[in-house]
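Below: the structure, in structure tokens.
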Amino acid sequence: MFTTAFIAILVVMFVLLLRVALGPTIFDRILAINTFGTAIVLLIALFGFLTARPDFLDIALLYALINFISTIAVLKLFRHDSLGKSVDE
Amino acid sequence: MFVVSWILLVLGSVFCLIGTLGLMRLPDFYTRVHAASIIDSLGAILILLGLITQSQDPLVIIKLILILLFMMLTGPTAVHALAHTAVLSEKNRASDQNSEHPQEP
Amino acid sequence: MLIRILIAASLLLLLWVLLSGHLGILLLSLGIASGLLVAWLIHRLALQSPNFNTLYFSLNLPRFLPWFFLEVVRSNLDVSWRILHPKLPISPNTSTVSTSKLNDVATTTYANCITLTPGTYTLNVDDQTIEVHSLTQETAEKLQQGKMKERISVLQGRLNTS
Amino acid sequence: MDIETIINFSLLTLLALTVIVLIRMKSLLAIALSSGVYSFLSAGLFVAMDAVDVAFTEAAVGAGITTILLLGTIAITGREQTVSKHKRFLPIAVITITGAALIYGTLDMPLYGDANAPIHTHVAPHYLTQSSEEIGIPNVVTSVLASYRGYDTLGEVAVIFTAAVGVLLLLGKTAKRGVRKQ
């Protein structure tokens, strides 16, 4: 049961990586990488249940947050050419 | 309960796969965002709900709900920031080409 | 000010307990310390919203969520069907919806809800309008009817519509 | 083939593919973000190997801080990769020899998951059984790091602190110069 979902997520990850490789614009790549983070969170959550030890959820939780931070950081860099400026400018 | 969880997980996987199919099939970035948001919304929700119905430990359920909550809060913000930046950079490029004085990055 | 920091700290402590599941004196005191530290940092960053609208809003949220979940399912099915269709029946377009009479929290929620339902996502938010990219003409028209906005404006209550 | 083998193979394949994608890309921004994918995947592998704490560190440092630092560096330098004109023979030779030496080194190691390996028979059983009484912290790895090997950790923290100061000095100085330009 978990195996089905797990394999589906693995397939999703392969295709997302293909999208990262193909591009064509940088935004396509960032979109694919952001979704990749979601897939990894689901993968780790599923993995905990697959091995009947759902202690791994803390990591999934951490990933859900970190994925967001790095996406926002790269977009801020894209818009302001710097990470230091405040958003109000 | 077992059957419910099984259905939720399989449905979630199917939606994730449809989302990736869309990511490959749809013609440009702005339409691909819609496909990616299938994975981020219903794919993730159904798989996490499937896991929630499967677990007995209340701590595990709370953690899964928190993951779901964080995803639902951060996902749209990231997508919006991405799309907004894409629009801005397209506008910048257009104005650069009009003035024929491309700015140094 | 102090009360607000303490409220935030106790909420964070609750989160700490829920995540760790241990109730020993050492771990609880560590949790209290980190809760206070984070609450103070949030206060320094001025991230807390200046009024209690947020609280009222959150308490009303359970009334909105079931309807919203159905909406998410419906739009997912619609977009999935269009992706699977061999001819890709899409007509991407951008439109604007007004956010008049919504306060800041409600506007943010509205924009996020629009993004969460596949088929539509927000491109730009300003004081009066939200710019939306839709996958098809129909979803754009459906959004224009303003059912979701109605539900969200009910959420924020009739008193503080400033 | 059991499911764990499939997981390990798929994750390793994805890891290799990510590296190929990374090498092929020219935009440094995309590369910085994709290195986050690499960290995510390797942390997934650590989870599959039961090294949850390493996975935690990899997630926080590899995917979080490293990406931000790389982006900060890109903000100061430039977004496009400049292709170097150096000869490629020497780097390939160095990498091949180093890689071969590392693989040769692993041949002496005990098999993966071997219960009779020295690390499982020396002090590990003591830590696993006694740490909750002796230290009183639920996570064994934390009590090993912070108590049994406290001095070791202190040294590590000093090293990391020095590295952080160095990085901040490098990044901070140039950022100030940028402000002066405006």
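Residue numbering restarts at 1 for every chain of the structure tokens, chains are lettered A, B, ... in their displayed order, and ligands are numbered from 1 as they appear.
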
Taking a cut-off of 9 Å and counting only C-alpha atoms, can you build a table that, for each residue of chain D near chain C, reports the nearest atom pair and how far apart they are in Å (one decimal), sorted by chain then residue number, as a Markdown table?
| residue | atom | partner | partner_atom | distance |
| --- | --- | --- | --- | --- |
| D:Gly136 | CA | C:Leu26 | CA | 8.5 |
| D:Ile137 | CA | C:Leu27 | CA | 8.1 |
| D:Pro138 | CA | C:His22 | CA | 8.2 |

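Within the 9 Å cut-off around range 70-74 of chain B, using only C-alpha atoms and omitting residues fewer than 5 positions from it on the same chain, the listed residues are Thr38, Leu61, Ala64, Leu65 and Phe68 of chain A; Asp40, Ser41, Ala44, Ile45, Ile65 and Val79 of chain B; Asn112 and Leu116 of chain C.
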
Counting only C-alpha atoms, which residues of chain D sit at most 8 Å from some atom of chain A, and what is each one's closest atom pair with its distance in Å to one decimal, listed by chain and rising residue number, as CSV?
residue,atom,partner,partner_atom,distance
D:Ile3,CA,A:Thr3,CA,7.6
D:Ser10,CA,A:Leu10,CA,7.3
D:Leu14,CA,A:Phe14,CA,6.8
D:Leu17,CA,A:Leu17,CA,7.9
D:Thr18,CA,A:Leu17,CA,7.1
D:Val21,CA,A:Ala21,CA,5.6
D:Met25,CA,A:Ala21,CA,7.6
D:Ser27,CA,A:Ile26,CA,8.0
D:Leu29,CA,A:Val74,CA,7.4
D:Ala30,CA,A:Ile26,CA,6.5
D:Leu33,CA,A:Ile33,CA,7.3
D:Ser34,CA,A:Ile33,CA,6.9
D:Val37,CA,A:Ile33,CA,6.8
D:Phe40,CA,A:Ile40,CA,7.0
D:Leu41,CA,A:Ile40,CA,7.6
D:Gly44,CA,A:Ile44,CA,6.8
D:Val47,CA,A:Phe56,CA,7.6
D:Ala48,CA,A:Phe47,CA,7.8
D:Val52,CA,A:Phe56,CA,7.0
D:Ala55,CA,A:Ile59,CA,7.4
D:Phe56,CA,A:Ile59,CA,6.0
D:Ala59,CA,A:Tyr63,CA,6.6
D:Ala60,CA,A:Ile66,CA,7.2
D:Ala63,CA,A:Ile66,CA,7.1
D:Gly64,CA,A:Ile66,CA,5.7
D:Thr67,CA,A:Ser70,CA,6.5
D:Ile68,CA,A:Ser70,CA,6.6
D:Leu71,CA,A:Val74,CA,6.7
D:Gly72,CA,A:Leu83,CA,6.3
D:Ala75,CA,A:Ser82,CA,5.3
D:Ile76,CA,A:Ser82,CA,7.7

Just write the chosen residues, C-alpha atoms, as an mmCIF file, in the first residue's frame.
data_model
loop_
_atom_site.group_PDB
_atom_site.id
_atom_site.type_symbol
_atom_site.label_atom_id
_atom_site.label_comp_id
_atom_site.auth_asym_id
_atom_site.auth_seq_id
_atom_site.Cartn_x
_atom_site.Cartn_y
_atom_site.Cartn_z
ATOM 1 C CA ILE D 3 11.634 -2.440 -1.089
ATOM 2 C CA SER D 10 16.315 4.819 -6.967
ATOM 3 C CA LEU D 14 18.402 10.232 -8.786
ATOM 4 C CA LEU D 17 21.203 12.197 -12.442
ATOM 5 C CA THR D 18 21.124 15.368 -10.334
ATOM 6 C CA VAL D 21 22.038 17.932 -14.542
ATOM 7 C CA MET D 25 23.634 23.749 -16.406
ATOM 8 C CA SER D 27 23.000 29.451 -14.851
ATOM 9 C CA LEU D 29 21.275 30.530 -9.761
ATOM 10 C CA ALA D 30 19.761 27.301 -11.029
ATOM 11 C CA LEU D 33 19.088 25.754 -6.123
ATOM 12 C CA SER D 34 19.680 22.335 -7.653
ATOM 13 C CA VAL D 37 17.961 19.043 -4.514
ATOM 14 C CA PHE D 40 17.526 16.726 -0.130
ATOM 15 C CA LEU D 41 18.255 13.471 -1.932
ATOM 16 C CA GLY D 44 16.732 10.989 1.969
ATOM 17 C CA VAL D 47 17.013 8.484 6.355
ATOM 18 C CA ALA D 48 16.963 5.201 4.450
ATOM 19 C CA VAL D 52 18.173 10.314 11.166
ATOM 20 C CA ALA D 55 19.745 13.597 7.759
ATOM 21 C CA PHE D 56 18.607 16.389 10.054
ATOM 22 C CA ALA D 59 18.656 19.142 5.691
ATOM 23 C CA ALA D 60 19.447 22.182 7.830
ATOM 24 C CA ALA D 63 19.670 22.419 1.861
ATOM 25 C CA GLY D 64 19.151 25.468 4.046
ATOM 26 C CA THR D 67 21.902 27.388 -0.523
ATOM 27 C CA ILE D 68 21.573 30.788 1.131
ATOM 28 C CA LEU D 71 23.074 32.708 -3.271
ATOM 29 C CA GLY D 72 24.793 35.397 -1.215
ATOM 30 C CA ALA D 75 24.714 38.169 -5.475
ATOM 31 C CA ILE D 76 28.224 39.557 -5.043
#

(message) Which residues are close to Phe15 in chain B, i.e. within 7 Å by only C-alpha atoms, leaving aside same-chain residues fewer than 3 positions away? Reply as a list in words.
(response) Leu11, Gly12, Ile18, Gly19, Ile38, Ile39, Leu42 and Gly43 of chain B

Residues of the last selection are to be written out with all heavy atoms, as a compact mmCIF listing (two decimals), in the first residue's frame.
# COMPACT_ATOMS: atom_id res chain seq x y z
N LEU B 11 -5.22 7.50 -4.55
CA LEU B 11 -5.73 8.70 -5.23
C LEU B 11 -4.68 9.81 -5.21
O LEU B 11 -4.44 10.49 -6.21
CB LEU B 11 -7.01 9.18 -4.54
CG LEU B 11 -8.32 8.59 -5.05
CD1 LEU B 11 -9.48 9.18 -4.28
CD2 LEU B 11 -8.47 8.87 -6.53
N GLY B 12 -4.02 9.99 -4.05
CA GLY B 12 -2.98 11.01 -3.95
C GLY B 12 -1.87 10.76 -4.94
O GLY B 12 -1.42 11.69 -5.64
N ILE B 18 -0.54 12.77 -12.32
CA ILE B 18 -1.21 13.65 -13.30
C ILE B 18 -0.51 15.02 -13.31
O ILE B 18 -0.28 15.61 -14.35
CB ILE B 18 -2.71 13.80 -12.97
CG1 ILE B 18 -3.42 12.48 -13.20
CG2 ILE B 18 -3.33 14.88 -13.81
CD1 ILE B 18 -4.87 12.49 -12.77
N GLY B 19 -0.17 15.50 -12.11
CA GLY B 19 0.51 16.79 -12.01
C GLY B 19 1.82 16.79 -12.77
O GLY B 19 2.11 17.72 -13.53
N ILE B 38 -1.21 21.09 -8.57
CA ILE B 38 -1.97 19.86 -8.30
C ILE B 38 -1.19 19.00 -7.31
O ILE B 38 -1.73 18.48 -6.34
CB ILE B 38 -2.22 19.07 -9.60
CG1 ILE B 38 -3.20 19.78 -10.48
CG2 ILE B 38 -2.76 17.68 -9.27
CD1 ILE B 38 -3.58 19.00 -11.70
N ILE B 39 0.13 18.84 -7.56
CA ILE B 39 0.94 18.04 -6.65
C ILE B 39 0.95 18.69 -5.27
O ILE B 39 0.79 18.02 -4.25
CB ILE B 39 2.39 17.93 -7.17
CG1 ILE B 39 2.39 17.36 -8.58
CG2 ILE B 39 3.23 17.06 -6.25
CD1 ILE B 39 3.73 17.32 -9.20
N LEU B 42 -3.79 18.84 -3.90
CA LEU B 42 -4.53 17.61 -3.64
C LEU B 42 -3.62 16.40 -3.50
O LEU B 42 -3.88 15.52 -2.66
CB LEU B 42 -5.58 17.38 -4.74
CG LEU B 42 -6.75 16.51 -4.29
CD1 LEU B 42 -7.40 17.07 -3.06
CD2 LEU B 42 -7.76 16.37 -5.39
N GLY B 43 -2.53 16.33 -4.27
CA GLY B 43 -1.61 15.20 -4.13
C GLY B 43 -1.10 15.08 -2.72
O GLY B 43 -1.22 14.04 -2.07

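Closest approach to chain A among B:Leu82, B:Ile61, B:Val3, B:Ala35 is made by B:Leu82 (distances from only C-alpha atoms).
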